[in-house]
file upload.cif (mmCIF, C-alpha atoms)
data_run
loop_
_atom_site.label_atom_id
_atom_site.label_comp_id
_atom_site.auth_asym_id
_atom_site.auth_seq_id
_atom_site.Cartn_x
_atom_site.Cartn_y
_atom_site.Cartn_z
CA MET A 1 85.75 102.05 65.21
CA LYS A 2 87.32 104.41 62.68
CA ARG A 3 90.86 105.53 63.29
CA PRO A 4 91.31 109.26 63.85
CA SER A 5 92.43 111.18 60.81
CA VAL A 6 95.83 112.83 60.50
CA LEU A 7 94.26 116.25 61.10
CA ASN A 8 92.63 115.05 64.31
CA ARG A 9 95.91 113.61 65.54
CA ILE A 10 97.75 116.86 64.80
CA LEU A 11 95.05 118.86 66.58
CA MET A 12 95.21 116.55 69.60
CA ALA A 13 99.01 116.85 69.70
CA LEU A 14 98.79 120.66 69.58
CA VAL A 15 96.26 120.69 72.43
CA PHE A 16 98.50 118.52 74.63
CA LEU A 17 101.52 120.64 73.68
CA PHE A 18 99.62 123.78 74.69
CA LEU A 19 98.66 122.20 78.03
CA TYR A 20 101.98 120.62 79.02
CA ALA A 21 104.70 122.69 77.32
CA PRO A 22 104.91 125.18 80.24
CA ILE A 23 105.20 122.32 82.74
CA PHE A 24 107.86 120.65 80.62
CA VAL A 25 109.87 123.90 80.48
CA LEU A 26 109.54 124.26 84.27
CA ILE A 27 110.81 120.72 84.82
CA VAL A 28 113.77 121.24 82.47
CA PHE A 29 114.87 124.50 84.13
CA SER A 30 114.64 122.95 87.58
CA PHE A 31 117.89 121.19 86.59
CA ASN A 32 119.52 124.32 85.12
CA ASP A 33 122.90 125.26 86.60
CA SER A 34 121.92 128.92 86.64
CA LYS A 35 119.28 131.26 88.05
CA SER A 36 118.38 132.31 84.54
CA ARG A 37 114.91 131.33 83.34
CA THR A 38 115.85 131.59 79.66
CA VAL A 39 119.48 130.44 79.27
CA TRP A 40 120.57 126.84 79.82
CA LYS A 41 124.02 126.60 81.43
CA GLY A 42 124.30 122.94 82.37
CA PHE A 43 122.69 120.11 84.33
CA THR A 44 122.64 120.11 88.13
CA PHE A 45 120.73 118.84 91.18
CA ASP A 46 121.79 121.81 93.31
CA TRP A 47 118.34 123.39 93.43
CA TYR A 48 116.85 120.17 94.76
CA ALA A 49 119.60 119.96 97.39
CA GLN A 50 118.94 123.58 98.44
CA LEU A 51 115.22 122.84 98.48
CA PHE A 52 115.61 120.07 101.07
CA GLN A 53 117.94 122.26 103.14
CA ASP A 54 115.37 125.09 103.33
CA SER A 55 113.76 124.86 106.78
CA SER A 56 110.67 126.90 105.85
CA ILE A 57 109.90 124.72 102.83
CA MET A 58 110.47 121.53 104.81
CA SER A 59 108.17 122.79 107.57
CA ALA A 60 105.50 123.62 104.98
CA LEU A 61 105.97 120.18 103.40
CA TYR A 62 105.55 118.49 106.79
CA THR A 63 102.35 120.47 107.44
CA THR A 64 101.02 119.64 103.98
CA LEU A 65 101.62 115.91 104.35
CA LEU A 66 100.26 115.84 107.90
CA VAL A 67 97.08 117.69 106.93
CA SER A 68 96.61 115.68 103.75
CA LEU A 69 97.13 112.27 105.38
CA THR A 70 94.95 113.11 108.40
CA ALA A 71 92.18 114.59 106.24
CA THR A 72 92.33 111.61 103.88
CA LEU A 73 92.07 109.10 106.74
CA ILE A 74 89.13 110.87 108.39
CA ALA A 75 87.40 111.58 105.07
CA THR A 76 87.74 107.95 104.00
CA VAL A 77 86.07 106.64 107.15
CA VAL A 78 83.36 109.32 107.32
CA GLY A 79 82.71 109.30 103.58
CA THR A 80 82.41 105.51 103.42
CA PHE A 81 79.85 105.28 106.23
CA THR A 82 78.02 108.31 104.84
CA ALA A 83 77.80 106.64 101.43
CA VAL A 84 76.42 103.47 103.04
CA GLY A 85 73.85 105.52 104.92
CA LEU A 86 72.80 107.44 101.81
CA PHE A 87 72.58 104.22 99.81
CA ASN A 88 70.11 102.74 102.29
CA MET A 89 67.88 105.83 102.27
CA ARG A 90 64.78 106.29 100.21
CA LYS A 91 65.26 108.01 96.85
CA ARG A 92 63.28 111.10 97.81
CA TRP A 93 65.74 111.75 100.65
CA ARG A 94 68.87 110.42 98.97
CA ARG A 95 68.73 112.62 95.86
CA PRO A 96 68.64 116.02 97.61
CA LEU A 97 71.31 114.91 100.09
CA MET A 98 73.56 113.71 97.25
CA THR A 99 73.09 117.07 95.55
CA VAL A 100 74.10 118.85 98.76
CA SER A 101 77.17 116.62 99.17
CA ASN A 102 78.28 117.42 95.60
CA ILE A 103 78.19 121.20 96.15
CA PRO A 104 81.73 121.43 97.65
CA MET A 105 83.13 119.78 94.49
CA THR A 106 81.34 122.12 92.06
CA ASN A 107 81.53 125.28 94.14
CA ALA A 108 84.31 127.78 93.45
CA ASP A 109 87.26 127.32 95.79
CA ILE A 110 87.40 131.01 96.65
CA VAL A 111 83.73 130.95 97.73
CA THR A 112 84.36 127.92 99.93
CA GLY A 113 87.51 129.45 101.38
CA ILE A 114 85.94 132.81 102.22
CA SER A 115 82.79 131.23 103.67
CA LEU A 116 84.82 128.92 105.91
CA CYS A 117 87.01 131.83 107.00
CA LEU A 118 83.91 133.86 107.98
CA LEU A 119 82.47 130.82 109.77
CA PHE A 120 85.62 130.35 111.84
CA VAL A 121 85.82 134.07 112.68
CA ALA A 122 82.17 134.09 113.82
CA PHE A 123 82.70 130.95 115.90
CA PHE A 124 85.83 132.35 117.55
CA SER A 125 83.94 135.53 118.43
CA ALA A 126 81.07 133.57 119.98
CA TRP A 127 83.56 131.31 121.77
CA GLY A 128 85.35 134.34 123.26
CA ALA A 129 82.12 135.67 124.74
CA PHE A 130 81.21 132.23 126.10
CA ALA A 131 84.69 131.67 127.55
CA GLN A 132 84.64 135.02 129.35
CA TRP A 133 81.26 134.25 130.91
CA PHE A 134 82.31 130.69 131.81
CA ASN A 135 85.54 131.84 133.45
CA SER A 136 83.69 134.52 135.44
CA VAL A 137 81.21 132.12 137.05
CA GLN A 138 83.72 129.47 138.11
CA SER A 139 87.45 128.97 138.68
CA PHE A 140 87.79 125.20 138.41
CA ALA A 141 88.57 125.18 134.67
CA VAL A 142 89.81 128.16 132.68
CA LEU A 143 88.91 128.22 129.00
CA PRO A 144 91.06 130.11 126.47
CA VAL A 145 89.32 133.32 125.47
CA ARG A 146 91.03 133.86 122.13
CA LEU A 147 91.26 131.20 119.46
CA HIS A 148 93.22 131.47 116.24
CA MET A 149 93.06 129.81 112.88
CA GLY A 150 95.73 127.20 112.37
CA PHE A 151 96.18 123.48 111.85
CA THR A 152 92.73 122.54 113.20
CA THR A 153 90.82 124.98 110.99
CA LEU A 154 92.95 123.93 108.03
CA LEU A 155 92.11 120.27 108.66
CA ILE A 156 88.37 121.02 108.94
CA ALA A 157 88.51 122.96 105.68
CA HIS A 158 90.18 120.07 103.87
CA LEU A 159 87.57 117.67 105.19
CA THR A 160 84.81 119.78 103.63
CA PHE A 161 86.02 118.99 100.10
CA ASP A 162 87.61 115.58 100.72
CA ILE A 163 84.53 113.79 102.07
CA PRO A 164 82.37 114.39 98.93
CA TYR A 165 85.03 112.78 96.72
CA VAL A 166 85.00 109.65 98.86
CA ILE A 167 81.18 109.51 98.74
CA LEU A 168 81.22 109.99 94.97
CA ASN A 169 83.61 107.04 94.50
CA VAL A 170 81.98 104.66 96.97
CA MET A 171 78.36 105.11 95.83
CA PRO A 172 78.79 103.42 92.39
CA LYS A 173 80.36 100.36 94.03
CA LEU A 174 77.41 100.11 96.41
CA ARG A 175 75.02 100.22 93.44
CA GLN A 176 76.97 97.44 91.70
CA MET A 177 76.84 95.21 94.78
CA ASP A 178 74.18 92.53 95.09
CA LYS A 179 71.82 93.65 97.86
CA ASN A 180 71.03 90.03 98.76
CA LEU A 181 74.59 89.48 100.02
CA ILE A 182 73.93 91.41 103.24
CA ASP A 183 70.66 89.58 103.87
CA ALA A 184 72.38 86.24 103.24
CA ALA A 185 75.18 87.08 105.67
CA GLN A 186 72.71 88.11 108.37
CA ASP A 187 70.65 84.96 107.79
CA LEU A 188 73.82 82.96 108.45
CA GLY A 189 74.26 84.64 111.82
CA CYS A 190 76.30 87.77 111.11
CA THR A 191 75.49 91.00 112.85
CA TRP A 192 75.13 94.10 110.67
CA MET A 193 78.63 95.32 111.52
CA ARG A 194 80.20 91.91 110.88
CA ALA A 195 78.33 91.67 107.58
CA PHE A 196 79.67 95.11 106.70
CA TRP A 197 83.29 94.11 107.40
CA LYS A 198 83.08 90.66 105.78
CA VAL A 199 80.74 91.31 102.85
CA VAL A 200 80.20 94.99 102.06
CA LEU A 201 83.73 96.29 102.63
CA PRO A 202 85.46 93.86 100.21
CA GLU A 203 82.89 94.74 97.53
CA ILE A 204 83.34 98.51 97.81
CA LYS A 205 87.09 98.46 98.55
CA PRO A 206 88.11 99.69 95.04
CA GLY A 207 85.84 102.72 95.44
CA ILE A 208 87.25 103.45 98.90
CA VAL A 209 90.83 103.30 97.63
CA SER A 210 90.05 105.50 94.61
CA GLY A 211 88.22 108.02 96.79
CA SER A 212 91.04 108.20 99.33
CA LEU A 213 93.68 108.69 96.62
CA ILE A 214 91.68 111.49 95.01
CA ALA A 215 91.07 113.09 98.43
CA PHE A 216 94.81 112.99 99.18
CA THR A 217 95.61 114.48 95.77
CA MET A 218 93.12 117.31 96.29
CA SER A 219 94.51 118.09 99.74
CA VAL A 220 98.13 118.18 98.58
CA ASP A 221 97.22 120.37 95.62
CA ASP A 222 94.91 122.83 97.40
CA PHE A 223 95.91 126.47 97.77
CA VAL A 224 92.88 128.80 97.76
CA ILE A 225 90.91 127.19 100.60
CA SER A 226 94.08 126.66 102.64
CA TYR A 227 95.06 130.31 102.15
CA PHE A 228 91.83 131.54 103.78
CA THR A 229 91.70 128.98 106.63
CA ALA A 230 95.31 128.34 107.69
CA GLY A 231 95.84 131.61 109.52
CA SER A 232 99.17 133.37 109.91
CA ARG A 233 100.94 130.65 111.92
CA THR A 234 100.43 127.70 109.57
CA SER A 235 101.61 127.39 105.99
CA THR A 236 101.23 124.62 103.43
CA LEU A 237 103.63 123.92 100.60
CA ALA A 238 101.39 125.62 98.03
CA MET A 239 101.18 128.70 100.26
CA GLU A 240 104.96 128.70 100.71
CA VAL A 241 105.48 128.59 96.94
CA TYR A 242 103.05 131.50 96.54
CA GLY A 243 105.01 133.47 99.12
CA MET A 244 108.25 132.76 97.24
CA THR A 245 106.81 134.22 94.03
CA LYS A 246 106.31 137.60 95.74
CA LYS A 247 110.07 137.92 96.16
CA ARG A 248 112.78 137.32 93.61
CA ILE A 249 111.87 134.07 91.90
CA SER A 250 114.31 131.30 92.84
CA PRO A 251 114.86 128.13 90.81
CA LYS A 252 113.86 126.28 93.98
CA ILE A 253 110.29 127.08 92.91
CA ASN A 254 110.90 125.05 89.75
CA ALA A 255 112.18 122.16 91.85
CA VAL A 256 109.29 122.13 94.33
CA SER A 257 106.75 122.55 91.50
CA THR A 258 108.32 119.61 89.68
CA LEU A 259 108.04 117.41 92.76
CA LEU A 260 104.40 118.45 93.26
CA PHE A 261 103.58 117.69 89.63
CA ILE A 262 105.25 114.27 89.76
CA THR A 263 103.45 113.41 93.03
CA VAL A 264 100.03 114.32 91.66
CA LEU A 265 100.80 112.56 88.36
CA VAL A 266 101.79 109.34 90.12
CA LEU A 267 98.64 109.37 92.24
CA LEU A 268 96.41 109.97 89.21
CA VAL A 269 98.13 107.14 87.32
CA ILE A 270 97.52 104.81 90.28
CA VAL A 271 93.84 105.80 90.39
CA ASN A 272 93.37 105.29 86.64
CA VAL A 273 95.20 101.96 86.62
CA ARG A 274 93.08 100.67 89.51
CA GLU A 275 89.88 101.78 87.79
CA ALA A 276 90.94 100.13 84.53
CA ARG A 277 91.74 96.86 86.32
CA GLN A 278 88.45 96.96 88.17
CA GLU A 279 86.54 97.52 84.92
CA ARG A 280 88.28 94.50 83.36
CA LEU A 281 87.44 92.37 86.40
CA ASP A 282 83.81 93.49 86.28
CA ALA A 283 83.65 92.67 82.57
CA GLN A 284 85.11 89.20 83.21
CA ARG A 285 82.56 88.53 85.96
CA LYS A 286 79.68 89.48 83.67
CA ARG A 287 80.92 87.01 81.06
#
call {"tool": "encode", "arguments": {"input": "upload.cif", "output": "structure tokens"}}
result
Amino acid sequence: MKRPSVLNRILMALVFLFLYAPIFVLIVFSFNDSKSRTVWKGFTFDWYAQLFQDSSIMSALYTTLLVSLTATLIATVVGTFTAVGLFNMRKRWRRPLMTVSNIPMTNADIVTGISLCLLFVAFFSAWGAFAQWFNSVQSFAVLPVRLHMGFTTLLIAHLTFDIPYVILNVMPKLRQMDKNLIDAAQDLGCTWMRAFWKVVLPEIKPGIVSGSLIAFTMSVDDFVISYFTAGSRTSTLAMEVYGMTKKRISPKINAVSTLLFITVLVLLVIVNVREARQERLDAQRKR
């Protein structure tokens, strides 16, 4: 392969500078010993200390991690079994269902957020009418008449875009797997579930890990869909940062943005390293 010319290298460097210079400036000024966003007055960790002492930010961080971890766990299990089910379907059924499962990844976040918000509002309205009728005909169990958007609706919303990423990562590993392995395991006395745990799961494990890491990254980083489905009582870290920008901008925003960027960067590096190692292992097996 030909080496890139000097002009191509300069162009590539300018593109990366254009993309990451604002983030680099944000990271630098998160350590600035001043509220100024233009003048450097010394190095300090005070903004990070104030960040961890802010109860509202810590509460939003706890909600973000709880939602992200819960959504990732559920999406990993559901997405893995869904991928296995789709893989065993006929092509004429599998293709349209795969297209449908990919829609949440290609659809605009604001469309997904608004549609989910309208869905929850319609469901709560129907639930209120049902609860009133149910409570009027009996007194043994009283159902709540009014429901509100909160942690549960936020979790459901995150699942809608986390599950497709798991499916997308698991499906290629299922295609690479030798189909005769399952038949061989069952011929040796394994039930289907035991064959899945002993044979299929180890083969598709890299795809499951990659899908779960991407799902976690997407949940931590999401703002638009969370904004429309969290309600007024629940707030994620991204929503809290957005609320801080409406007031006088504090350098704590630089600190929390830096931590978010580093978290997402570390997760993406882990995903890419795992994929690179898996590709090398696959190449060695083919040899």
call {"tool": "residues_around", "arguments": {"input": "upload.cif", "residues": "segment 178-182 of chain A", "least_positions_apart": "3", "cutoff": "7 Å", "atoms": "all atoms listed in the file", "output": "list of chain:residue names"}}
result
A:Ala185, A:Gln186, A:Ala195, A:Val199
call {"tool": "closest_residue", "arguments": {"input": "upload.cif", "among": "A:Thr44, A:Gln284, A:Asn169, A:Ser139", "to": "Ala215 of chain A", "atoms": "all atoms listed in the file"}}
result
A:Asn169
call {"tool": "atom_distance", "arguments": {"input": "upload.cif", "atom1": "atom CA of Phe196 of chain A", "atom2": "atom CA of Thr99 of chain A"}}
result
25.5 Å
call {"tool": "closest_residue", "arguments": {"input": "upload.cif", "among": "A:Asn135, A:Pro202, A:Ser115, A:Ala255", "to": "Ile225 of chain A", "atoms": "all atoms listed in the file"}}
result
A:Ser115
call {"tool": "residues_around", "arguments": {"input": "upload.cif", "residues": "segment 17-29 of chain A", "least_positions_apart": "4", "cutoff": "12 Å", "atoms": "only C-alpha atoms", "output": "PyMOL selection string"}}
result
chain A and resi 10-13+33-48+250-262
call {"tool": "atom_distance", "arguments": {"input": "upload.cif", "atom1": "atom CA of Leu268 of chain A", "atom2": "atom CA of Ile156 of chain A"}}
result
24.0 Å
call {"tool": "residues_around", "arguments": {"input": "upload.cif", "residues": "Lys173 of chain A", "least_positions_apart": "4", "cutoff": "12 Å", "atoms": "all atoms listed in the file", "output": "JSON, numbers by chain"}}
result
{"A": [80, 83, 84, 87, 166, 167, 168, 169, 177, 178, 179, 200, 201, 202, 203, 204, 205, 206, 207, 208, 209, 210, 211, 275, 278, 279, 282]}
call {"tool": "write_last_selection", "arguments": {"input": "upload.cif", "atoms": "C-alpha atoms", "output": "PDB file, in the coordinates of the input"}}
result
ATOM      1  CA  THR A  80      82.410 105.510 103.420  1.00  0.00           C
ATOM      2  CA  ALA A  83      77.800 106.640 101.430  1.00  0.00           C
ATOM      3  CA  VAL A  84      76.420 103.470 103.040  1.00  0.00           C
ATOM      4  CA  PHE A  87      72.580 104.220  99.810  1.00  0.00           C
ATOM      5  CA  VAL A 166      85.000 109.650  98.860  1.00  0.00           C
ATOM      6  CA  ILE A 167      81.180 109.510  98.740  1.00  0.00           C
ATOM      7  CA  LEU A 168      81.220 109.990  94.970  1.00  0.00           C
ATOM      8  CA  ASN A 169      83.610 107.040  94.500  1.00  0.00           C
ATOM      9  CA  MET A 177      76.840  95.210  94.780  1.00  0.00           C
ATOM     10  CA  ASP A 178      74.180  92.530  95.090  1.00  0.00           C
ATOM     11  CA  LYS A 179      71.820  93.650  97.860  1.00  0.00           C
ATOM     12  CA  VAL A 200      80.200  94.990 102.060  1.00  0.00           C
ATOM     13  CA  LEU A 201      83.730  96.290 102.630  1.00  0.00           C
ATOM     14  CA  PRO A 202      85.460  93.860 100.210  1.00  0.00           C
ATOM     15  CA  GLU A 203      82.890  94.740  97.530  1.00  0.00           C
ATOM     16  CA  ILE A 204      83.340  98.510  97.810  1.00  0.00           C
ATOM     17  CA  LYS A 205      87.090  98.460  98.550  1.00  0.00           C
ATOM     18  CA  PRO A 206      88.110  99.690  95.040  1.00  0.00           C
ATOM     19  CA  GLY A 207      85.840 102.720  95.440  1.00  0.00           C
ATOM     20  CA  ILE A 208      87.250 103.450  98.900  1.00  0.00           C
ATOM     21  CA  VAL A 209      90.830 103.300  97.630  1.00  0.00           C
ATOM     22  CA  SER A 210      90.050 105.500  94.610  1.00  0.00           C
ATOM     23  CA  GLY A 211      88.220 108.020  96.790  1.00  0.00           C
ATOM     24  CA  GLU A 275      89.880 101.780  87.790  1.00  0.00           C
ATOM     25  CA  GLN A 278      88.450  96.960  88.170  1.00  0.00           C
ATOM     26  CA  GLU A 279      86.540  97.520  84.920  1.00  0.00           C
ATOM     27  CA  ASP A 282      83.810  93.490  86.280  1.00  0.00           C
TER      28      ASP A 282
END
call {"tool": "atom_distance", "arguments": {"input": "upload.cif", "atom1": "atom CA of Ala230 of chain A", "atom2": "atom CA of Met105 of chain A"}}
result
19.9 Å
call {"tool": "residues_around", "arguments": {"input": "upload.cif", "residues": "Ile163 of chain A", "least_positions_apart": "2", "cutoff": "6 Å", "atoms": "all atoms listed in the file", "output": "PyMOL selection string"}}
result
chain A and resi 75+79+159+161+165-166
call {"tool": "build_atoms", "arguments": {"input": "upload.cif", "residues": "segment 89-100 of chain A", "atoms": "all heavy atoms", "output": "compact mmCIF listing (two decimals), in the frame of the given file"}}
result
# COMPACT_ATOMS: atom_id res chain seq x y z
N MET A 89 69.01 104.91 102.14
CA MET A 89 67.88 105.83 102.27
C MET A 89 66.91 105.67 101.11
O MET A 89 67.24 105.10 100.07
CB MET A 89 68.38 107.28 102.30
CG MET A 89 68.97 107.73 103.61
SD MET A 89 69.38 109.49 103.56
CE MET A 89 69.95 109.72 105.23
N ARG A 90 65.74 106.23 101.30
CA ARG A 90 64.78 106.29 100.21
C ARG A 90 65.23 107.33 99.18
O ARG A 90 65.94 108.27 99.51
CB ARG A 90 63.39 106.64 100.73
CG ARG A 90 62.79 105.57 101.65
CD ARG A 90 61.41 105.98 102.11
NE ARG A 90 60.82 104.95 102.97
CZ ARG A 90 59.62 105.05 103.53
NH1 ARG A 90 58.88 106.17 103.33
NH2 ARG A 90 59.15 104.09 104.28
N LYS A 91 64.79 107.14 97.92
CA LYS A 91 65.26 108.01 96.85
C LYS A 91 64.89 109.47 97.08
O LYS A 91 65.67 110.37 96.75
CB LYS A 91 64.69 107.54 95.51
CG LYS A 91 65.31 106.26 95.00
CD LYS A 91 64.78 105.92 93.62
CE LYS A 91 65.43 104.64 93.10
NZ LYS A 91 64.92 104.30 91.74
N ARG A 92 63.72 109.72 97.64
CA ARG A 92 63.28 111.10 97.81
C ARG A 92 64.14 111.85 98.82
O ARG A 92 64.21 113.09 98.79
CB ARG A 92 61.81 111.14 98.24
CG ARG A 92 61.54 110.56 99.62
CD ARG A 92 60.08 110.74 99.99
NE ARG A 92 59.80 110.21 101.33
CZ ARG A 92 58.61 110.31 101.91
NH1 ARG A 92 57.60 110.90 101.27
NH2 ARG A 92 58.41 109.82 103.12
N TRP A 93 64.80 111.14 99.72
CA TRP A 93 65.74 111.75 100.65
C TRP A 93 67.17 111.69 100.12
O TRP A 93 67.97 112.60 100.37
CB TRP A 93 65.67 111.07 102.01
CG TRP A 93 64.39 111.29 102.73
CD1 TRP A 93 63.36 110.39 102.91
CD2 TRP A 93 63.96 112.50 103.37
NE1 TRP A 93 62.34 110.95 103.62
CE2 TRP A 93 62.68 112.25 103.93
CE3 TRP A 93 64.53 113.76 103.54
CZ2 TRP A 93 61.97 113.23 104.62
CZ3 TRP A 93 63.83 114.73 104.24
CH2 TRP A 93 62.57 114.45 104.76
N ARG A 94 67.50 110.61 99.42
CA ARG A 94 68.87 110.42 98.97
C ARG A 94 69.26 111.44 97.90
O ARG A 94 70.38 111.97 97.92
CB ARG A 94 69.05 108.99 98.42
CG ARG A 94 70.49 108.69 97.98
CD ARG A 94 70.64 107.23 97.67
NE ARG A 94 69.75 106.82 96.60
CZ ARG A 94 69.16 105.63 96.55
NH1 ARG A 94 69.34 104.77 97.54
NH2 ARG A 94 68.38 105.30 95.53
N ARG A 95 68.39 111.72 96.96
CA ARG A 95 68.73 112.62 95.86
C ARG A 95 69.09 114.02 96.32
O ARG A 95 70.13 114.56 95.93
CB ARG A 95 67.59 112.65 94.84
CG ARG A 95 67.47 111.36 94.03
CD ARG A 95 66.30 111.42 93.08
NE ARG A 95 66.19 110.19 92.29
CZ ARG A 95 65.22 109.95 91.42
NH1 ARG A 95 64.25 110.85 91.22
NH2 ARG A 95 65.20 108.81 90.74
N PRO A 96 68.24 114.67 97.17
CA PRO A 96 68.64 116.02 97.61
C PRO A 96 69.90 116.02 98.47
O PRO A 96 70.72 116.95 98.37
CB PRO A 96 67.42 116.50 98.41
CG PRO A 96 66.65 115.27 98.77
CD PRO A 96 66.89 114.32 97.66
N LEU A 97 70.10 114.97 99.28
CA LEU A 97 71.31 114.91 100.09
C LEU A 97 72.55 114.69 99.24
O LEU A 97 73.62 115.25 99.52
CB LEU A 97 71.18 113.80 101.13
CG LEU A 97 70.18 114.07 102.27
CD1 LEU A 97 70.06 112.85 103.18
CD2 LEU A 97 70.61 115.29 103.08
N MET A 98 72.44 113.90 98.17
CA MET A 98 73.56 113.71 97.25
C MET A 98 73.89 115.02 96.54
O MET A 98 75.07 115.34 96.31
CB MET A 98 73.23 112.62 96.24
CG MET A 98 73.34 111.21 96.78
SD MET A 98 75.04 110.78 97.28
CE MET A 98 75.89 110.94 95.71
N THR A 99 72.86 115.77 96.18
CA THR A 99 73.09 117.07 95.55
C THR A 99 73.83 118.01 96.49
O THR A 99 74.77 118.71 96.09
CB THR A 99 71.74 117.71 95.14
OG1 THR A 99 71.05 116.82 94.26
CG2 THR A 99 71.97 119.05 94.45
N VAL A 100 73.43 118.01 97.76
CA VAL A 100 74.10 118.85 98.76
C VAL A 100 75.55 118.42 98.95
O VAL A 100 76.46 119.26 99.06
CB VAL A 100 73.34 118.81 100.10
CG1 VAL A 100 74.13 119.51 101.19
CG2 VAL A 100 71.97 119.45 99.95
